[in-house]
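Colleague: To be precise about what I am sending: the file is called my_file.cif and holds mmCIF, C-alpha atoms.
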data_entry
#
loop_
_atom_site.label_atom_id
_atom_site.label_comp_id
_atom_site.auth_asym_id
_atom_site.auth_seq_id
_atom_site.Cartn_x
_atom_site.Cartn_y
_atom_site.Cartn_z
CA MET A 29 48.57 16.72 7.48
CA GLU A 30 45.67 19.15 7.13
CA GLU A 31 44.86 20.39 3.64
CA PRO A 32 46.14 23.99 3.48
CA ALA A 33 43.35 25.24 1.19
CA GLY A 34 40.45 26.93 2.92
CA GLU A 35 39.63 29.97 5.01
CA TYR A 36 41.92 31.45 7.65
CA GLU A 37 41.54 34.06 10.31
CA PHE A 38 44.26 36.72 10.24
CA PRO A 39 43.95 38.38 13.66
CA GLU A 40 46.15 41.30 12.58
CA GLY A 41 45.28 41.37 8.88
CA LEU A 42 48.19 41.98 6.53
CA PRO A 43 50.43 45.07 6.55
CA ALA A 44 48.65 47.72 4.44
CA PHE A 45 45.46 45.63 4.72
CA GLU A 46 44.98 45.55 8.47
CA ASP A 47 41.18 45.52 8.29
CA GLU A 48 41.16 42.32 6.28
CA LYS A 49 40.83 39.63 8.91
CA ARG A 50 39.82 36.63 6.84
CA PHE A 51 41.47 35.21 3.75
CA ARG A 52 40.75 32.13 1.69
CA LEU A 53 43.57 30.07 0.21
CA SER A 54 42.76 28.24 -2.99
CA THR A 55 44.99 26.14 -5.19
CA PRO A 56 43.35 25.96 -8.64
CA ALA A 57 44.88 23.20 -10.73
CA SER A 58 45.21 25.60 -13.68
CA ILE A 59 47.77 27.76 -11.90
CA ARG A 60 49.62 25.26 -9.74
CA PRO A 61 52.13 25.55 -8.14
CA LEU A 62 50.83 29.07 -7.67
CA ALA A 63 47.95 29.63 -5.28
CA LEU A 64 45.50 32.43 -4.53
CA LEU A 65 44.95 34.15 -1.22
CA GLU A 66 41.67 36.04 -1.42
CA SER A 67 40.00 38.34 1.04
CA ALA A 68 36.78 36.86 2.36
CA ALA A 69 35.36 40.37 2.86
CA THR A 70 36.56 42.46 -0.08
CA PRO A 71 35.74 41.16 -3.54
CA GLY A 72 38.67 41.48 -5.90
CA LEU A 73 41.34 41.75 -3.22
CA ARG A 74 43.59 38.81 -3.74
CA PHE A 75 47.20 37.83 -3.91
CA VAL A 76 49.11 35.25 -5.87
CA CYS A 77 51.37 33.16 -3.70
CA ILE A 78 53.58 30.11 -3.74
CA LEU A 79 54.96 27.81 -1.10
CA VAL A 80 58.35 29.15 -0.14
CA GLU A 81 59.73 25.62 -0.30
CA TRP A 82 59.13 25.72 -4.03
CA LEU A 83 61.59 28.54 -4.31
CA VAL A 84 63.92 27.88 -1.42
CA PRO A 85 64.16 24.29 -0.21
CA GLY A 86 64.93 24.29 3.47
CA TYR A 87 63.56 27.80 3.97
CA GLN A 88 64.24 28.85 7.54
CA LEU A 89 61.26 30.53 9.20
CA GLU A 90 61.71 32.22 12.55
CA LEU A 91 58.58 32.97 14.55
CA ASN A 92 58.59 35.05 17.69
CA ASP A 93 56.47 34.28 20.75
CA ALA A 94 53.69 36.70 19.76
CA GLU A 95 53.42 35.11 16.33
CA ARG A 96 53.20 31.62 17.83
CA VAL A 97 50.32 32.81 19.98
CA LEU A 98 48.53 34.36 16.98
CA LEU A 99 48.89 31.12 15.05
CA ALA A 100 47.76 29.10 18.08
CA GLY A 101 50.68 26.76 17.50
CA GLU A 102 53.36 26.24 14.90
CA ASP A 103 53.13 22.53 14.16
CA GLY A 104 52.45 21.85 10.50
CA VAL A 105 52.44 25.48 9.42
CA CYS A 106 52.68 26.29 5.72
CA CYS A 107 54.67 29.22 4.48
CA TYR A 108 53.70 31.14 1.35
CA ALA A 109 55.51 33.95 -0.44
CA LEU A 110 53.31 36.66 -1.98
CA ILE A 111 54.13 37.23 -5.63
CA THR A 112 54.34 40.64 -7.28
CA PHE A 113 53.85 40.90 -11.03
CA PRO A 114 55.52 44.12 -12.17
CA LYS A 115 54.40 45.73 -15.41
CA GLN A 116 57.75 44.77 -16.87
CA GLY A 117 60.18 42.04 -15.96
CA ALA A 118 59.88 38.81 -14.07
CA PRO A 119 57.53 38.37 -11.14
CA THR A 120 59.11 38.59 -7.71
CA ALA A 121 58.48 36.68 -4.51
CA ASN A 122 58.47 38.22 -1.06
CA LEU A 123 60.56 35.76 0.91
CA ARG A 124 61.28 38.28 3.62
CA SER A 125 57.68 38.46 4.85
CA PRO A 126 56.03 35.09 4.28
CA VAL A 127 52.37 34.43 4.94
CA VAL A 128 52.29 31.66 7.52
CA LEU A 129 49.19 29.48 7.71
CA ASN A 130 48.35 26.95 10.37
CA PRO A 131 45.92 24.49 8.72
CA GLY A 132 45.25 22.90 12.10
CA THR A 133 44.00 26.06 13.79
CA ARG A 134 42.97 27.96 10.63
CA ARG A 135 44.96 30.97 11.75
CA GLY A 136 47.27 33.00 9.57
CA ILE A 137 49.79 35.81 9.90
CA GLN A 138 52.34 37.58 7.77
CA SER A 139 55.62 37.12 9.57
CA ILE A 140 58.12 39.90 8.89
CA GLN A 141 61.51 38.35 9.34
CA SER A 142 63.65 41.02 10.98
CA GLU A 143 66.96 39.26 10.59
CA SER A 144 66.42 37.55 7.30
CA ARG A 145 68.73 36.37 4.59
CA TYR A 146 65.75 36.44 2.23
CA GLY A 147 64.67 39.35 0.04
CA LEU A 148 61.41 41.22 -0.45
CA PHE A 149 61.48 41.16 -4.22
CA VAL A 150 63.26 37.99 -5.27
CA PRO A 151 62.91 37.34 -9.01
CA LEU A 152 60.80 34.28 -9.66
CA ARG A 153 62.84 31.83 -11.63
CA ASP A 154 61.44 28.74 -13.19
CA GLU A 155 63.87 26.55 -11.33
CA ALA A 156 62.80 23.45 -9.51
CA PRO A 157 63.56 22.92 -5.86
CA ALA A 158 65.74 19.99 -4.96
CA GLU A 159 62.76 18.20 -3.37
CA GLY A 160 59.02 18.62 -3.52
CA PRO A 161 57.40 20.83 -0.89
CA SER A 162 56.16 19.04 2.19
CA CYS A 163 52.99 21.07 2.58
CA MET B 26 75.19 58.25 4.70
CA LEU B 27 76.05 60.28 7.76
CA VAL B 28 77.74 58.12 10.39
CA ILE B 29 77.74 59.22 14.02
CA ARG B 30 79.09 57.24 16.96
CA ARG B 31 76.94 57.24 20.10
CA ARG B 32 77.17 55.44 23.43
CA GLU B 33 74.43 54.02 25.60
CA GLY B 34 72.36 56.86 27.08
CA GLU B 35 73.33 59.31 24.35
CA ALA B 36 70.94 60.70 21.76
CA LEU B 37 70.54 62.40 18.42
CA LEU B 38 68.16 65.10 17.31
CA LEU B 39 66.67 64.82 13.83
CA GLY B 40 65.27 68.01 12.36
CA GLY B 41 65.01 69.49 15.81
CA LEU B 42 61.78 67.58 16.40
CA ILE B 43 62.72 63.95 16.68
CA GLU B 44 64.94 62.55 19.39
CA LEU B 45 66.62 59.20 18.89
CA CYS B 46 68.06 57.74 22.10
CA VAL B 47 70.41 54.78 22.43
CA LEU B 48 68.89 52.90 25.36
CA GLU B 49 70.85 49.66 25.38
CA ILE B 50 73.62 48.02 23.43
CA THR B 51 74.21 44.27 23.48
CA PRO B 52 76.56 42.24 21.30
CA SER B 53 73.73 41.51 18.84
CA ARG B 54 71.24 44.36 19.21
CA VAL B 55 70.84 48.04 19.85
CA THR B 56 67.68 49.22 21.61
CA LEU B 57 66.58 52.67 20.49
CA GLY B 58 64.01 55.04 21.90
CA VAL B 59 62.24 57.54 19.68
CA VAL B 60 60.54 60.71 20.81
CA ALA B 61 58.61 62.21 17.91
CA PRO B 62 55.53 64.32 17.24
CA ARG B 63 52.34 62.29 17.06
CA GLN B 64 51.98 62.88 13.32
CA VAL B 65 55.35 61.28 12.59
CA ALA B 66 54.94 57.56 11.91
CA VAL B 67 57.74 55.46 13.33
CA VAL B 68 57.95 51.94 11.95
CA ARG B 69 60.65 49.38 11.48
CA LYS B 70 62.05 49.61 7.96
CA GLU B 71 61.14 46.03 7.11
CA VAL B 72 57.53 46.72 8.10
CA ALA B 73 57.36 49.79 5.84
CA LEU B 74 58.87 47.77 3.00
CA THR B 75 56.32 45.00 3.56
CA PHE B 76 53.53 47.61 3.26
CA GLU B 77 54.88 48.57 -0.16
CA ALA B 78 55.41 44.97 -1.20
CA ASN B 79 51.85 43.99 -0.21
CA ARG B 80 50.32 46.90 -2.09
CA ALA B 81 52.30 45.92 -5.16
CA ALA B 82 51.37 42.26 -4.77
CA SER B 83 47.67 43.10 -4.62
CA GLN B 84 47.86 44.26 -8.26
CA LEU B 85 47.26 41.05 -10.14
CA PRO B 86 48.31 40.39 -13.73
CA GLU B 87 46.02 39.27 -16.49
CA GLN B 88 44.95 35.65 -16.28
CA GLY B 89 47.17 34.74 -19.21
CA VAL B 90 50.31 35.92 -17.44
CA LEU B 91 49.42 33.92 -14.37
CA GLY B 92 48.86 30.79 -16.38
CA GLU B 93 52.06 31.30 -18.31
CA TRP B 94 54.17 31.55 -15.18
CA ALA B 95 52.40 28.62 -13.59
CA ALA B 96 53.22 26.53 -16.65
CA ARG B 97 56.86 27.62 -16.58
CA LEU B 98 57.13 26.59 -12.96
CA ARG B 99 55.35 23.29 -13.56
CA GLU B 100 57.75 22.39 -16.36
CA ARG B 101 60.56 22.30 -13.85
CA SER B 102 58.49 20.82 -11.07
CA PRO B 103 59.48 17.55 -9.40
CA GLU B 104 55.73 16.97 -8.83
CA THR B 105 54.71 16.82 -12.46
#
As structure tokens - that is how I would like this structure written.

Modeller:
Amino acid sequence: MEEPAGEYEFPEGLPAFEDEKRFRLSTPASIRPLALLESAATPGLRFVCILVEWLVPGYQLELNDAERVLLAGEDGVCCYALITFPKQGAPTANLRSPVVLNPGTRRGIQSIQSESRYGLFVPLRDEAPAEGPSC
Amino acid sequence: MLVIRRREGEALLLGGLIELCVLEITPSRVTLGVVAPRQVAVVRKEVALTFEANRAASQLPEQGVLGEWAARLRERSPET
């Protein structure tokens, strides 16, 4: 399997950041299992993320045809939830709109799940998944 | 919440400026058409919520908070 860290092209950017077309995923050992998704163009624009499998083993991702085209394939994709750190309270994970990365094609999208059982602001608990993430 | 029953081909007017038409109804979906002034943004709710969530997520905490949460997650990790 391809190493997920590295730079990805986001053909449509991210919602609210549509002009940002390239992001770099890094997984510094000091913050694992968290990871960083940083804009390649805008210094300081970055997101904290985590593999959704860390939070929800067996996470069910549904991609539509347009998203499969943007990713140039869906084999081996990795799914990350963006984390929000509110000023007060526990961080939350956006499981409703995961960032999907294809390490094989180096393409990425944020897939907004329209019929999702997962929430946008799911409190981050320090609970372990039943099994380690596969990506 | 105001609840109004409509059939296929029927419509609603919102504020006298926005027309919401029921184009098709299937067992699992309703297809709507919206006629609105150009300055009125029409987006799916989940897209608008993702905008908000992304803006919030772009505000990073101090490094110490990040490290603290990473450690808490690692403590329970099957990988460690």

Colleague: Given all atoms listed in the file, how would the per-residue table for region 31-72 of chain A near region 119-142 of chain A read, listing every residue at most 6 Å away with its closest atom pair and distance in Å to one decimal, sorted by chain and number, as a tab-separated table?

Modeller:
residue	atom	partner	partner_atom	distance
A:Pro32	CA	A:Pro131	CA	5.3
A:Tyr36	CA	A:Arg134	CA	4.7
A:Glu37	CA	A:Arg135	CA	4.8
A:Phe38	CA	A:Gly136	CA	4.8

Colleague: I'd like a table as JSON lines: residues in chain B with an atom no more than 12 Å from chain A, each row giving the shortest atom pair and its distance in Å to one decimal, all atoms listed in the file counted, sorted by chain and rising residue number.

Modeller:
{"residue": "B:Ser53", "atom": "CA", "partner": "A:Glu143", "partner_atom": "CA", "distance": 10.9}
{"residue": "B:Arg54", "atom": "CA", "partner": "A:Glu143", "partner_atom": "CA", "distance": 10.9}
{"residue": "B:Val68", "atom": "CA", "partner": "A:Pro43", "partner_atom": "CA", "distance": 11.5}
{"residue": "B:Arg69", "atom": "CA", "partner": "A:Ser142", "partner_atom": "CA", "distance": 8.9}
{"residue": "B:Lys70", "atom": "CA", "partner": "A:Ser142", "partner_atom": "CA", "distance": 9.2}
{"residue": "B:Glu71", "atom": "CA", "partner": "A:Ser142", "partner_atom": "CA", "distance": 6.8}
{"residue": "B:Val72", "atom": "CA", "partner": "A:Ile140", "partner_atom": "CA", "distance": 6.9}
{"residue": "B:Ala73", "atom": "CA", "partner": "A:Pro43", "partner_atom": "CA", "distance": 8.4}
{"residue": "B:Leu74", "atom": "CA", "partner": "A:Leu148", "partner_atom": "CA", "distance": 7.8}
{"residue": "B:Thr75", "atom": "CA", "partner": "A:Pro43", "partner_atom": "CA", "distance": 6.6}
{"residue": "B:Phe76", "atom": "CA", "partner": "A:Ala44", "partner_atom": "CA", "distance": 5.0}
{"residue": "B:Glu77", "atom": "CA", "partner": "A:Ala44", "partner_atom": "CA", "distance": 7.8}
{"residue": "B:Ala78", "atom": "CA", "partner": "A:Leu148", "partner_atom": "CA", "distance": 7.1}
{"residue": "B:Asn79", "atom": "CA", "partner": "A:Ala44", "partner_atom": "CA", "distance": 6.8}
{"residue": "B:Arg80", "atom": "CA", "partner": "A:Ala44", "partner_atom": "CA", "distance": 6.8}
{"residue": "B:Ala81", "atom": "CA", "partner": "A:Thr112", "partner_atom": "CA", "distance": 6.0}
{"residue": "B:Ala82", "atom": "CA", "partner": "A:Thr112", "partner_atom": "CA", "distance": 4.2}
{"residue": "B:Ser83", "atom": "CA", "partner": "A:Phe75", "partner_atom": "CA", "distance": 5.3}
{"residue": "B:Gln84", "atom": "CA", "partner": "A:Phe113", "partner_atom": "CA", "distance": 7.4}
{"residue": "B:Leu85", "atom": "CA", "partner": "A:Phe113", "partner_atom": "CA", "distance": 6.7}
{"residue": "B:Pro86", "atom": "CA", "partner": "A:Phe113", "partner_atom": "CA", "distance": 6.2}
{"residue": "B:Glu87", "atom": "CA", "partner": "A:Phe113", "partner_atom": "CA", "distance": 9.7}
{"residue": "B:Gln88", "atom": "CA", "partner": "A:Ile59", "partner_atom": "CA", "distance": 9.5}
{"residue": "B:Gly89", "atom": "CA", "partner": "A:Ile59", "partner_atom": "CA", "distance": 10.1}
{"residue": "B:Val90", "atom": "CA", "partner": "A:Phe113", "partner_atom": "CA", "distance": 8.9}
{"residue": "B:Leu91", "atom": "CA", "partner": "A:Ile59", "partner_atom": "CA", "distance": 6.8}
{"residue": "B:Gly92", "atom": "CA", "partner": "A:Ile59", "partner_atom": "CA", "distance": 5.5}
{"residue": "B:Glu93", "atom": "CA", "partner": "A:Ile59", "partner_atom": "CA", "distance": 8.5}
{"residue": "B:Trp94", "atom": "CA", "partner": "A:Asp154", "partner_atom": "CA", "distance": 8.0}
{"residue": "B:Ala95", "atom": "CA", "partner": "A:Ile59", "partner_atom": "CA", "distance": 5.0}
{"residue": "B:Ala96", "atom": "CA", "partner": "A:Ile59", "partner_atom": "CA", "distance": 7.3}
{"residue": "B:Arg97", "atom": "CA", "partner": "A:Asp154", "partner_atom": "CA", "distance": 5.8}
{"residue": "B:Leu98", "atom": "CA", "partner": "A:Asp154", "partner_atom": "CA", "distance": 4.8}
{"residue": "B:Arg99", "atom": "CA", "partner": "A:Pro61", "partner_atom": "CA", "distance": 6.7}
{"residue": "B:Glu100", "atom": "CA", "partner": "A:Asp154", "partner_atom": "CA", "distance": 8.0}
{"residue": "B:Arg101", "atom": "CA", "partner": "A:Ala156", "partner_atom": "CA", "distance": 5.0}
{"residue": "B:Ser102", "atom": "CA", "partner": "A:Ala156", "partner_atom": "CA", "distance": 5.3}
{"residue": "B:Pro103", "atom": "CA", "partner": "A:Gly160", "partner_atom": "CA", "distance": 6.0}
{"residue": "B:Glu104", "atom": "CA", "partner": "A:Gly160", "partner_atom": "CA", "distance": 6.5}
{"residue": "B:Thr105", "atom": "CA", "partner": "A:Pro61", "partner_atom": "CA", "distance": 10.1}

Colleague: Give me, please, the distance in Å between CA of Pro85 (chain A) and CA of Gln116 (chain A), quoted to one decimal.

Modeller: 27.2 Å

Colleague: Could you jot down the CA of Ala109 (chain A) to CA of Ile78 (chain A) separation for me, Å, one decimal place?

Modeller: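 Interatomic distance here is 5.4 Å.
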
Colleague: Just give me the gap between CA of Leu89 (chain A) and CA of Ala68 (chain A) in Å, one decimal is fine.

Modeller: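 So the answer is 26.2 Å.
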
Colleague: Using all atoms listed in the file, find the one residue out of A:Tyr146, A:Glu31, A:Tyr108, A:Ser67 that sits nearest to Gln88 (chain A).

Modeller: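 Ranked by minimum distance to Gln88 (chain A), first place goes to A:Tyr146.
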
Colleague: For the structure shown, which residues end up in the PyMOL selection byres ((chain A and resi 53) around 6)? Put them as a ChimeraX atom specification, please?

Modeller: /A:33-34,52,54,64-65

Colleague: Excluding Leu42 (chain B) and any residue of its chain fewer than 4 positions from it, enumerate the residues within 8 Å of it, using all atoms listed in the file, and give them as a PyMOL selection string.

Modeller: chain B and resi 38+61-62

Colleague: Here is a test: counting all atoms listed in the file, which residue of B:Leu27, B:Val67, B:Ala36, B:Val60 is nearest to Leu48 (chain B)?

Modeller: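 With all atoms listed in the file as the atom set, the closest residue is B:Ala36.
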
Colleague: Mind listing whatever residues come within 12 Å of the point (74.2, 60.9, 24.6)? Use all atoms listed in the file, file coordinates, and give them as a PyMOL selection string.

Modeller: chain B and resi 29-38+44-49+57

Colleague: Those residues with C-alpha atoms, as a PDB file, keeping the file's coordinate frame please?

Modeller:
ATOM      1  CA  ILE B  29      77.740  59.220  14.020  1.00  0.00           C
ATOM      2  CA  ARG B  30      79.090  57.240  16.960  1.00  0.00           C
ATOM      3  CA  ARG B  31      76.940  57.240  20.100  1.00  0.00           C
ATOM      4  CA  ARG B  32      77.170  55.440  23.430  1.00  0.00           C
ATOM      5  CA  GLU B  33      74.430  54.020  25.600  1.00  0.00           C
ATOM      6  CA  GLY B  34      72.360  56.860  27.080  1.00  0.00           C
ATOM      7  CA  GLU B  35      73.330  59.310  24.350  1.00  0.00           C
ATOM      8  CA  ALA B  36      70.940  60.700  21.760  1.00  0.00           C
ATOM      9  CA  LEU B  37      70.540  62.400  18.420  1.00  0.00           C
ATOM     10  CA  LEU B  38      68.160  65.100  17.310  1.00  0.00           C
ATOM     11  CA  GLU B  44      64.940  62.550  19.390  1.00  0.00           C
ATOM     12  CA  LEU B  45      66.620  59.200  18.890  1.00  0.00           C
ATOM     13  CA  CYS B  46      68.060  57.740  22.100  1.00  0.00           C
ATOM     14  CA  VAL B  47      70.410  54.780  22.430  1.00  0.00           C
ATOM     15  CA  LEU B  48      68.890  52.900  25.360  1.00  0.00           C
ATOM     16  CA  GLU B  49      70.850  49.660  25.380  1.00  0.00           C
ATOM     17  CA  LEU B  57      66.580  52.670  20.490  1.00  0.00           C
TER      18      LEU B  57
END

Colleague: Just region 52-79 of chain A from the block, N, CA, C and O atoms, as a PDB file, in the first residue's frame, could you?

Modeller:
ATOM      1  N   ARG A  52      -0.748  19.071   1.691  1.00  0.00           N
ATOM      2  CA  ARG A  52       0.294  18.111   2.053  1.00  0.00           C
ATOM      3  C   ARG A  52      -0.098  17.429   3.356  1.00  0.00           C
ATOM      4  O   ARG A  52      -0.369  18.101   4.352  1.00  0.00           O
ATOM      5  N   LEU A  53      -0.142  16.100   3.326  1.00  0.00           N
ATOM      6  CA  LEU A  53      -0.446  15.347   4.545  1.00  0.00           C
ATOM      7  C   LEU A  53       0.868  14.949   5.217  1.00  0.00           C
ATOM      8  O   LEU A  53       1.753  14.391   4.553  1.00  0.00           O
ATOM      9  N   SER A  54       0.968  15.263   6.490  1.00  0.00           N
ATOM     10  CA  SER A  54       2.147  14.815   7.232  1.00  0.00           C
ATOM     11  C   SER A  54       1.691  14.136   8.512  1.00  0.00           C
ATOM     12  O   SER A  54       0.620  14.449   9.054  1.00  0.00           O
ATOM     13  N   THR A  55       2.498  13.202   8.961  1.00  0.00           N
ATOM     14  CA  THR A  55       2.135  12.433  10.157  1.00  0.00           C
ATOM     15  C   THR A  55       3.291  12.469  11.151  1.00  0.00           C
ATOM     16  O   THR A  55       3.964  11.469  11.371  1.00  0.00           O
ATOM     17  N   PRO A  56       3.531  13.654  11.762  1.00  0.00           N
ATOM     18  CA  PRO A  56       4.637  13.760  12.719  1.00  0.00           C
ATOM     19  C   PRO A  56       4.470  12.778  13.885  1.00  0.00           C
ATOM     20  O   PRO A  56       3.368  12.630  14.418  1.00  0.00           O
ATOM     21  N   ALA A  57       5.559  12.111  14.229  1.00  0.00           N
ATOM     22  CA  ALA A  57       5.474  11.112  15.299  1.00  0.00           C
ATOM     23  C   ALA A  57       4.974  11.721  16.605  1.00  0.00           C
ATOM     24  O   ALA A  57       4.283  11.070  17.383  1.00  0.00           O
ATOM     25  N   SER A  58       5.282  13.008  16.820  1.00  0.00           N
ATOM     26  CA  SER A  58       4.930  13.642  18.100  1.00  0.00           C
ATOM     27  C   SER A  58       3.427  13.804  18.291  1.00  0.00           C
ATOM     28  O   SER A  58       2.973  13.991  19.419  1.00  0.00           O
ATOM     29  N   ILE A  59       2.671  13.756  17.229  1.00  0.00           N
ATOM     30  CA  ILE A  59       1.224  13.951  17.385  1.00  0.00           C
ATOM     31  C   ILE A  59       0.423  12.753  16.882  1.00  0.00           C
ATOM     32  O   ILE A  59      -0.795  12.833  16.733  1.00  0.00           O
ATOM     33  N   ARG A  60       1.077  11.661  16.573  1.00  0.00           N
ATOM     34  CA  ARG A  60       0.315  10.496  16.142  1.00  0.00           C
ATOM     35  C   ARG A  60      -0.598  10.036  17.247  1.00  0.00           C
ATOM     36  O   ARG A  60      -0.219  10.110  18.410  1.00  0.00           O
ATOM     37  N   PRO A  61      -1.809   9.602  16.936  1.00  0.00           N
ATOM     38  CA  PRO A  61      -2.351   9.249  15.615  1.00  0.00           C
ATOM     39  C   PRO A  61      -2.923  10.429  14.840  1.00  0.00           C
ATOM     40  O   PRO A  61      -3.523  10.219  13.788  1.00  0.00           O
ATOM     41  N   LEU A  62      -2.781  11.626  15.362  1.00  0.00           N
ATOM     42  CA  LEU A  62      -3.249  12.781  14.609  1.00  0.00           C
ATOM     43  C   LEU A  62      -2.299  13.038  13.445  1.00  0.00           C
ATOM     44  O   LEU A  62      -1.153  12.595  13.456  1.00  0.00           O
ATOM     45  N   ALA A  63      -2.791  13.750  12.461  1.00  0.00           N
ATOM     46  CA  ALA A  63      -1.985  14.096  11.288  1.00  0.00           C
ATOM     47  C   ALA A  63      -2.294  15.538  10.923  1.00  0.00           C
ATOM     48  O   ALA A  63      -3.250  16.133  11.441  1.00  0.00           O
ATOM     49  N   LEU A  64      -1.479  16.100  10.044  1.00  0.00           N
ATOM     50  CA  LEU A  64      -1.677  17.480   9.603  1.00  0.00           C
ATOM     51  C   LEU A  64      -1.909  17.509   8.104  1.00  0.00           C
ATOM     52  O   LEU A  64      -1.211  16.840   7.340  1.00  0.00           O
ATOM     53  N   LEU A  65      -2.888  18.292   7.716  1.00  0.00           N
ATOM     54  CA  LEU A  65      -3.160  18.523   6.297  1.00  0.00           C
ATOM     55  C   LEU A  65      -2.928  20.014   6.061  1.00  0.00           C
ATOM     56  O   LEU A  65      -3.696  20.850   6.523  1.00  0.00           O
ATOM     57  N   GLU A  66      -1.848  20.319   5.356  1.00  0.00           N
ATOM     58  CA  GLU A  66      -1.428  21.714   5.198  1.00  0.00           C
ATOM     59  C   GLU A  66      -1.545  22.154   3.753  1.00  0.00           C
ATOM     60  O   GLU A  66      -1.202  21.407   2.833  1.00  0.00           O
ATOM     61  N   SER A  67      -1.998  23.378   3.584  1.00  0.00           N
ATOM     62  CA  SER A  67      -2.038  23.947   2.244  1.00  0.00           C
ATOM     63  C   SER A  67      -0.624  24.087   1.712  1.00  0.00           C
ATOM     64  O   SER A  67       0.278  24.546   2.422  1.00  0.00           O
ATOM     65  N   ALA A  68      -0.446  23.722   0.448  1.00  0.00           N
ATOM     66  CA  ALA A  68       0.869  23.886  -0.173  1.00  0.00           C
ATOM     67  C   ALA A  68       1.073  25.320  -0.638  1.00  0.00           C
ATOM     68  O   ALA A  68       2.189  25.726  -0.928  1.00  0.00           O
ATOM     69  N   ALA A  69      -0.021  26.096  -0.698  1.00  0.00           N
ATOM     70  CA  ALA A  69       0.071  27.453  -1.245  1.00  0.00           C
ATOM     71  C   ALA A  69      -0.021  28.540  -0.182  1.00  0.00           C
ATOM     72  O   ALA A  69       0.548  29.615  -0.348  1.00  0.00           O
ATOM     73  N   THR A  70      -0.759  28.280   0.880  1.00  0.00           N
ATOM     74  CA  THR A  70      -1.016  29.316   1.878  1.00  0.00           C
ATOM     75  C   THR A  70      -0.357  28.947   3.204  1.00  0.00           C
ATOM     76  O   THR A  70      -0.850  28.059   3.905  1.00  0.00           O
ATOM     77  N   PRO A  71       0.742  29.614   3.529  1.00  0.00           N
ATOM     78  CA  PRO A  71       1.407  29.304   4.797  1.00  0.00           C
ATOM     79  C   PRO A  71       0.453  29.515   5.981  1.00  0.00           C
ATOM     80  O   PRO A  71      -0.290  30.496   6.024  1.00  0.00           O
ATOM     81  N   GLY A  72       0.463  28.587   6.886  1.00  0.00           N
ATOM     82  CA  GLY A  72      -0.355  28.718   8.086  1.00  0.00           C
ATOM     83  C   GLY A  72      -1.739  28.110   7.979  1.00  0.00           C
ATOM     84  O   GLY A  72      -2.415  27.939   8.990  1.00  0.00           O
ATOM     85  N   LEU A  73      -2.169  27.798   6.741  1.00  0.00           N
ATOM     86  CA  LEU A  73      -3.485  27.162   6.617  1.00  0.00           C
ATOM     87  C   LEU A  73      -3.295  25.656   6.737  1.00  0.00           C
ATOM     88  O   LEU A  73      -2.692  25.010   5.869  1.00  0.00           O
ATOM     89  N   ARG A  74      -3.769  25.131   7.824  1.00  0.00           N
ATOM     90  CA  ARG A  74      -3.633  23.693   8.017  1.00  0.00           C
ATOM     91  C   ARG A  74      -4.734  23.178   8.921  1.00  0.00           C
ATOM     92  O   ARG A  74      -5.357  23.932   9.670  1.00  0.00           O
ATOM     93  N   PHE A  75      -4.925  21.900   8.814  1.00  0.00           N
ATOM     94  CA  PHE A  75      -5.974  21.217   9.567  1.00  0.00           C
ATOM     95  C   PHE A  75      -5.349  20.037  10.301  1.00  0.00           C
ATOM     96  O   PHE A  75      -4.411  19.406   9.811  1.00  0.00           O
ATOM     97  N   VAL A  76      -5.923  19.757  11.462  1.00  0.00           N
ATOM     98  CA  VAL A  76      -5.568  18.528  12.164  1.00  0.00           C
ATOM     99  C   VAL A  76      -6.574  17.473  11.732  1.00  0.00           C
ATOM    100  O   VAL A  76      -7.771  17.761  11.590  1.00  0.00           O
ATOM    101  N   CYS A  77      -6.094  16.274  11.493  1.00  0.00           N
ATOM    102  CA  CYS A  77      -7.015  15.224  11.062  1.00  0.00           C
ATOM    103  C   CYS A  77      -6.607  13.887  11.665  1.00  0.00           C
ATOM    104  O   CYS A  77      -5.535  13.753  12.262  1.00  0.00           O
ATOM    105  N   ILE A  78      -7.485  12.931  11.479  1.00  0.00           N
ATOM    106  CA  ILE A  78      -7.226  11.586  12.002  1.00  0.00           C
ATOM    107  C   ILE A  78      -7.935  10.588  11.098  1.00  0.00           C
ATOM    108  O   ILE A  78      -9.002  10.895  10.543  1.00  0.00           O
ATOM    109  N   LEU A  79      -7.344   9.436  10.931  1.00  0.00           N
ATOM    110  CA  LEU A  79      -8.005   8.406  10.137  1.00  0.00           C
ATOM    111  C   LEU A  79      -9.358   8.070  10.770  1.00  0.00           C
ATOM    112  O   LEU A  79      -9.440   7.854  11.976  1.00  0.00           O
TER     113      LEU A  79
END
